[in-house]
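Note sheet for the following structure.
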Amino acid sequence: MKPVSSTGDYQLSFEERISYLYAYVRGEHASLRIARDYWDRIAKRALSLKVKKVLVVEDISEAITISEVHQLVTELSELPVKDIFVAFVDQFAQHKSINEFGMLVGGNRGLEVKGFESTDDAEKWLLSR
C-alpha cells in the first residue's frame, strides 16, 4: 500500500478492498488541522468511489483535545457521508475515551461510526452491514 498523501504531518494510504475502502493514517503529532485534513481526504475518497463502507486505522501517538474532537465530528457530519458505515481502529488504547466521545457526537449527528480495538473485529462488523 503506497501513501496517497504524504505531508510533513502524516501519511495516508488507501486500499480498495472487495467490500469496502481501507484507509491507514500514520503520524506522530495531532492537531485539529491535521485531523480535519486526513478525514476530509478519507471522506472525499469514499464519495468519489461511491463506497458505503470504510475501515480507518489511525496510528498517531498524539490525540486532539475533546473540544477539537467535537468540532471535527460536527464538521464531518455536514459532509454527505451519513449513509457510509465507518469502522475505526485507533492503535493507541489511551485514546479510547476521546474516541468514544467522538463516536457519541457523531451518532447524535447521524454518522454511522463504531470503534474497535482490532482491525479484524472492525472488518467483521463492517462486513455485517
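If you're wondering about the labels, chains in the C-alpha cells are A, B, ... by order shown, residues count from 1 in each chain, ligands from 1 in order shown.
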Item to check | Long-range neighbours of Arg17 in chain A as a PyMOL selection string, 10 Å cut-off, only C-alpha atoms, 4 positions minimum in chain | outcome: chain A and resi 21-22+54-55
Checklist entry - Leaving out Val89 in chain A and any residue of its chain fewer than 2 positions from it, which residues lie within 12 Å of it when counting only C-alpha atoms, given as a ChimeraX atom specification? => result /A:22-25,54-60,86-87,91-93,95-96,99-100,103,113-123,125-126
Could you dump the residues just selected with N, CA and C atoms as a short mmCIF file (atom, residue, chain, number, x, y, z; two decimals), in the first residue's frame?
```cif
data_model
loop_
_atom_site.label_atom_id
_atom_site.label_comp_id
_atom_site.auth_asym_id
_atom_site.auth_seq_id
_atom_site.Cartn_x
_atom_site.Cartn_y
_atom_site.Cartn_z
N TYR A 22 -10.32 0.74 2.63
CA TYR A 22 -9.43 0.69 3.79
C TYR A 22 -8.54 1.92 3.75
N ALA A 23 -8.47 2.64 4.88
CA ALA A 23 -7.61 3.81 4.97
C ALA A 23 -6.71 3.67 6.20
N TYR A 24 -5.43 3.95 6.01
CA TYR A 24 -4.45 3.86 7.09
C TYR A 24 -3.75 5.21 7.18
N VAL A 25 -3.83 5.83 8.36
CA VAL A 25 -3.18 7.12 8.55
C VAL A 25 -2.14 6.97 9.66
N VAL A 54 -16.25 1.99 5.11
CA VAL A 54 -14.86 2.43 5.21
C VAL A 54 -14.28 1.93 6.52
N LEU A 55 -13.08 1.36 6.45
CA LEU A 55 -12.35 0.97 7.66
C LEU A 55 -11.15 1.89 7.77
N VAL A 56 -11.07 2.62 8.87
CA VAL A 56 -9.99 3.58 9.09
C VAL A 56 -9.13 3.09 10.25
N VAL A 57 -7.84 2.95 10.01
CA VAL A 57 -6.88 2.63 11.06
C VAL A 57 -6.02 3.86 11.27
N GLU A 58 -6.04 4.35 12.51
CA GLU A 58 -5.30 5.56 12.85
C GLU A 58 -4.11 5.18 13.74
N ASP A 59 -2.93 5.56 13.31
CA ASP A 59 -1.70 5.24 14.03
C ASP A 59 -0.96 6.55 14.30
N ILE A 60 -1.52 7.34 15.21
CA ILE A 60 -0.96 8.65 15.57
C ILE A 60 -0.86 8.70 17.08
N VAL A 86 -18.62 3.56 8.98
CA VAL A 86 -17.20 3.72 9.26
C VAL A 86 -16.82 2.89 10.47
N ALA A 87 -15.89 1.97 10.27
CA ALA A 87 -15.29 1.22 11.37
C ALA A 87 -13.94 1.87 11.63
N GLN A 91 -4.73 2.77 17.05
CA GLN A 91 -3.65 1.92 17.51
C GLN A 91 -3.20 2.24 18.94
N PHE A 92 -3.70 3.33 19.50
CA PHE A 92 -3.29 3.75 20.83
C PHE A 92 -4.47 3.67 21.80
N ALA A 93 -4.42 2.68 22.68
CA ALA A 93 -5.52 2.41 23.62
C ALA A 93 -5.81 3.61 24.51
N HIS A 95 -6.27 6.50 23.78
CA HIS A 95 -7.19 7.43 23.11
C HIS A 95 -8.64 6.97 23.17
N LYS A 96 -8.89 5.84 23.83
CA LYS A 96 -10.22 5.23 23.80
C LYS A 96 -11.33 6.17 24.26
N ASN A 99 -12.03 8.91 21.74
CA ASN A 99 -12.66 8.34 20.54
C ASN A 99 -14.12 8.00 20.81
N GLU A 100 -14.42 7.46 22.00
CA GLU A 100 -15.81 7.15 22.34
C GLU A 100 -16.65 8.43 22.36
N MET A 103 -17.40 9.32 18.77
CA MET A 103 -18.44 8.45 18.20
C MET A 103 -19.82 8.81 18.73
N VAL A 113 -20.65 5.40 12.77
CA VAL A 113 -19.25 5.11 13.08
C VAL A 113 -19.17 4.29 14.37
N LYS A 114 -18.29 3.30 14.35
CA LYS A 114 -18.10 2.44 15.51
C LYS A 114 -16.61 2.17 15.67
N GLY A 115 -16.15 2.20 16.92
CA GLY A 115 -14.75 1.99 17.22
C GLY A 115 -14.45 0.57 17.64
N PHE A 116 -13.24 0.14 17.34
CA PHE A 116 -12.80 -1.22 17.64
C PHE A 116 -11.36 -1.21 18.11
N GLU A 117 -10.99 -2.27 18.83
CA GLU A 117 -9.61 -2.42 19.28
C GLU A 117 -8.76 -3.17 18.27
N SER A 118 -9.39 -3.90 17.37
CA SER A 118 -8.63 -4.65 16.37
C SER A 118 -9.22 -4.47 14.98
N THR A 119 -8.37 -4.57 14.00
CA THR A 119 -8.80 -4.47 12.61
C THR A 119 -9.73 -5.64 12.25
N ASP A 120 -9.43 -6.82 12.77
CA ASP A 120 -10.28 -7.98 12.47
C ASP A 120 -11.71 -7.77 12.95
N ASP A 121 -11.87 -7.27 14.18
CA ASP A 121 -13.21 -7.01 14.71
C ASP A 121 -13.91 -5.91 13.91
N ALA A 122 -13.16 -4.90 13.54
CA ALA A 122 -13.72 -3.81 12.75
C ALA A 122 -14.22 -4.31 11.39
N GLU A 123 -13.40 -5.17 10.78
CA GLU A 123 -13.79 -5.71 9.47
C GLU A 123 -15.02 -6.59 9.58
N TRP A 125 -17.48 -6.39 11.73
CA TRP A 125 -18.65 -5.51 11.91
C TRP A 125 -19.01 -4.86 10.59
N LEU A 126 -18.02 -4.33 9.91
CA LEU A 126 -18.26 -3.62 8.66
C LEU A 126 -18.89 -4.53 7.62
#
```
Checklist entry - Can you list every residue in chain A that DSSP puts in helix (DSSP H, G or I), as a PyMOL selection string? => result chain A and resi 32-49+66-76+93-108+119-127
Resulting file, chosen residues, N, CA and C atoms, as a short mmCIF file (atom, residue, chain, number, x, y, z; two decimals), in the first residue's frame:
```cif
data_model
loop_
_atom_site.label_atom_id
_atom_site.label_comp_id
_atom_site.auth_asym_id
_atom_site.auth_seq_id
_atom_site.Cartn_x
_atom_site.Cartn_y
_atom_site.Cartn_z
N LEU A 32 -6.15 19.77 15.24
CA LEU A 32 -7.41 19.84 14.52
C LEU A 32 -7.17 19.99 13.03
N ARG A 33 -6.19 20.79 12.65
CA ARG A 33 -5.89 20.99 11.23
C ARG A 33 -5.47 19.68 10.56
N ILE A 34 -4.61 18.93 11.22
CA ILE A 34 -4.14 17.66 10.66
C ILE A 34 -5.30 16.67 10.55
N ALA A 35 -6.07 16.51 11.64
CA ALA A 35 -7.19 15.57 11.64
C ALA A 35 -8.23 15.95 10.60
N ARG A 36 -8.54 17.23 10.52
CA ARG A 36 -9.51 17.71 9.53
C ARG A 36 -9.05 17.36 8.12
N ASP A 37 -7.76 17.51 7.87
CA ASP A 37 -7.21 17.26 6.53
C ASP A 37 -7.34 15.79 6.15
N TYR A 38 -6.91 14.87 7.01
CA TYR A 38 -6.97 13.47 6.58
C TYR A 38 -8.38 12.92 6.60
N TRP A 39 -9.23 13.35 7.53
CA TRP A 39 -10.62 12.88 7.50
C TRP A 39 -11.34 13.41 6.27
N ASP A 40 -11.03 14.63 5.87
CA ASP A 40 -11.62 15.18 4.65
C ASP A 40 -11.17 14.37 3.43
N ARG A 41 -9.91 13.99 3.38
CA ARG A 41 -9.41 13.18 2.26
C ARG A 41 -10.06 11.79 2.24
N ILE A 42 -10.25 11.23 3.42
CA ILE A 42 -10.92 9.92 3.50
C ILE A 42 -12.35 10.04 3.00
N ALA A 43 -13.07 11.05 3.46
CA ALA A 43 -14.46 11.26 3.02
C ALA A 43 -14.53 11.46 1.51
N LYS A 44 -13.66 12.30 0.98
CA LYS A 44 -13.67 12.55 -0.47
C LYS A 44 -13.37 11.30 -1.27
N ARG A 45 -12.44 10.48 -0.78
CA ARG A 45 -12.13 9.23 -1.49
C ARG A 45 -13.33 8.30 -1.47
N ALA A 46 -13.96 8.15 -0.31
CA ALA A 46 -15.14 7.28 -0.21
C ALA A 46 -16.25 7.76 -1.13
N LEU A 47 -16.48 9.06 -1.15
CA LEU A 47 -17.53 9.61 -2.01
C LEU A 47 -17.20 9.43 -3.49
N SER A 48 -15.94 9.64 -3.86
CA SER A 48 -15.57 9.51 -5.27
C SER A 48 -15.68 8.06 -5.75
N LEU A 49 -15.43 7.11 -4.85
CA LEU A 49 -15.54 5.69 -5.20
C LEU A 49 -16.96 5.15 -5.01
N ILE A 66 -10.62 17.27 23.47
CA ILE A 66 -12.03 16.92 23.40
C ILE A 66 -12.83 17.98 22.65
N SER A 67 -12.49 19.26 22.82
CA SER A 67 -13.22 20.30 22.08
C SER A 67 -12.90 20.22 20.58
N GLU A 68 -11.68 19.84 20.24
CA GLU A 68 -11.33 19.68 18.83
C GLU A 68 -12.06 18.47 18.23
N VAL A 69 -12.20 17.40 19.01
CA VAL A 69 -12.97 16.24 18.55
C VAL A 69 -14.40 16.66 18.24
N HIS A 70 -15.00 17.42 19.16
CA HIS A 70 -16.38 17.88 18.95
C HIS A 70 -16.48 18.70 17.66
N GLN A 71 -15.56 19.64 17.47
CA GLN A 71 -15.58 20.48 16.28
C GLN A 71 -15.36 19.65 15.01
N LEU A 72 -14.40 18.74 15.03
CA LEU A 72 -14.10 17.91 13.87
C LEU A 72 -15.30 17.06 13.47
N VAL A 73 -15.89 16.37 14.44
CA VAL A 73 -17.03 15.48 14.14
C VAL A 73 -18.22 16.29 13.66
N THR A 74 -18.44 17.44 14.25
CA THR A 74 -19.54 18.30 13.80
C THR A 74 -19.33 18.72 12.35
N GLU A 75 -18.10 19.09 11.99
CA GLU A 75 -17.80 19.46 10.61
C GLU A 75 -17.97 18.28 9.67
N LEU A 76 -17.51 17.10 10.08
CA LEU A 76 -17.66 15.91 9.23
C LEU A 76 -19.12 15.56 9.00
N ALA A 93 -4.42 2.68 22.68
CA ALA A 93 -5.52 2.41 23.62
C ALA A 93 -5.81 3.61 24.51
N GLN A 94 -4.82 4.43 24.80
CA GLN A 94 -5.04 5.58 25.68
C GLN A 94 -5.95 6.63 25.05
N HIS A 95 -6.27 6.50 23.78
CA HIS A 95 -7.19 7.43 23.11
C HIS A 95 -8.64 6.97 23.17
N LYS A 96 -8.89 5.84 23.83
CA LYS A 96 -10.22 5.23 23.80
C LYS A 96 -11.33 6.17 24.26
N SER A 97 -11.16 6.84 25.37
CA SER A 97 -12.25 7.68 25.89
C SER A 97 -12.55 8.85 24.97
N ILE A 98 -11.53 9.47 24.40
CA ILE A 98 -11.79 10.60 23.50
C ILE A 98 -12.43 10.11 22.20
N ASN A 99 -12.03 8.91 21.74
CA ASN A 99 -12.66 8.34 20.54
C ASN A 99 -14.12 8.00 20.81
N GLU A 100 -14.42 7.46 22.00
CA GLU A 100 -15.81 7.15 22.34
C GLU A 100 -16.65 8.43 22.36
N PHE A 101 -16.08 9.52 22.85
CA PHE A 101 -16.79 10.80 22.83
C PHE A 101 -17.07 11.22 21.38
N GLY A 102 -16.09 11.08 20.51
CA GLY A 102 -16.27 11.44 19.10
C GLY A 102 -17.35 10.60 18.44
N MET A 103 -17.40 9.32 18.77
CA MET A 103 -18.44 8.45 18.20
C MET A 103 -19.82 8.81 18.73
N LEU A 104 -19.89 9.21 19.99
CA LEU A 104 -21.16 9.66 20.56
C LEU A 104 -21.66 10.92 19.85
N VAL A 105 -20.77 11.87 19.68
CA VAL A 105 -21.13 13.10 18.97
C VAL A 105 -21.55 12.77 17.53
N GLY A 106 -20.78 11.91 16.88
CA GLY A 106 -21.11 11.53 15.51
C GLY A 106 -22.45 10.84 15.40
N GLY A 107 -22.71 9.91 16.32
CA GLY A 107 -24.00 9.22 16.33
C GLY A 107 -25.15 10.19 16.52
N ASN A 108 -24.97 11.17 17.38
CA ASN A 108 -26.01 12.18 17.61
C ASN A 108 -26.24 13.06 16.39
N THR A 119 -8.37 -4.57 14.00
CA THR A 119 -8.80 -4.47 12.61
C THR A 119 -9.73 -5.64 12.25
N ASP A 120 -9.43 -6.82 12.77
CA ASP A 120 -10.28 -7.98 12.47
C ASP A 120 -11.71 -7.77 12.95
N ASP A 121 -11.87 -7.27 14.18
CA ASP A 121 -13.21 -7.01 14.71
C ASP A 121 -13.91 -5.91 13.91
N ALA A 122 -13.16 -4.90 13.54
CA ALA A 122 -13.72 -3.81 12.75
C ALA A 122 -14.22 -4.31 11.39
N GLU A 123 -13.40 -5.17 10.78
CA GLU A 123 -13.79 -5.71 9.47
C GLU A 123 -15.02 -6.59 9.58
N LYS A 124 -15.10 -7.42 10.62
CA LYS A 124 -16.29 -8.28 10.81
C LYS A 124 -17.55 -7.44 10.94
N TRP A 125 -17.48 -6.39 11.73
CA TRP A 125 -18.65 -5.51 11.91
C TRP A 125 -19.01 -4.86 10.59
N LEU A 126 -18.02 -4.33 9.91
CA LEU A 126 -18.26 -3.62 8.66
C LEU A 126 -18.89 -4.53 7.62
N LEU A 127 -18.38 -5.75 7.50
CA LEU A 127 -18.91 -6.68 6.51
C LEU A 127 -20.31 -7.18 6.86
#
```
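Each of A:Glu16, A:Glu28, A:Glu78, A:Glu62 was compared to Lys50 in chain A using only C-alpha atoms, and A:Glu16 turns out to be the nearest.
Of the listed residues (A:Lys53, A:Ile84, A:His29, A:Thr65), A:His29 comes nearest to Gln11 in chain A; the distances count only C-alpha atoms.
Counting from CA of Glu112 in chain A, the distance to CA of Lys82 in chain A is 6.6 Å.
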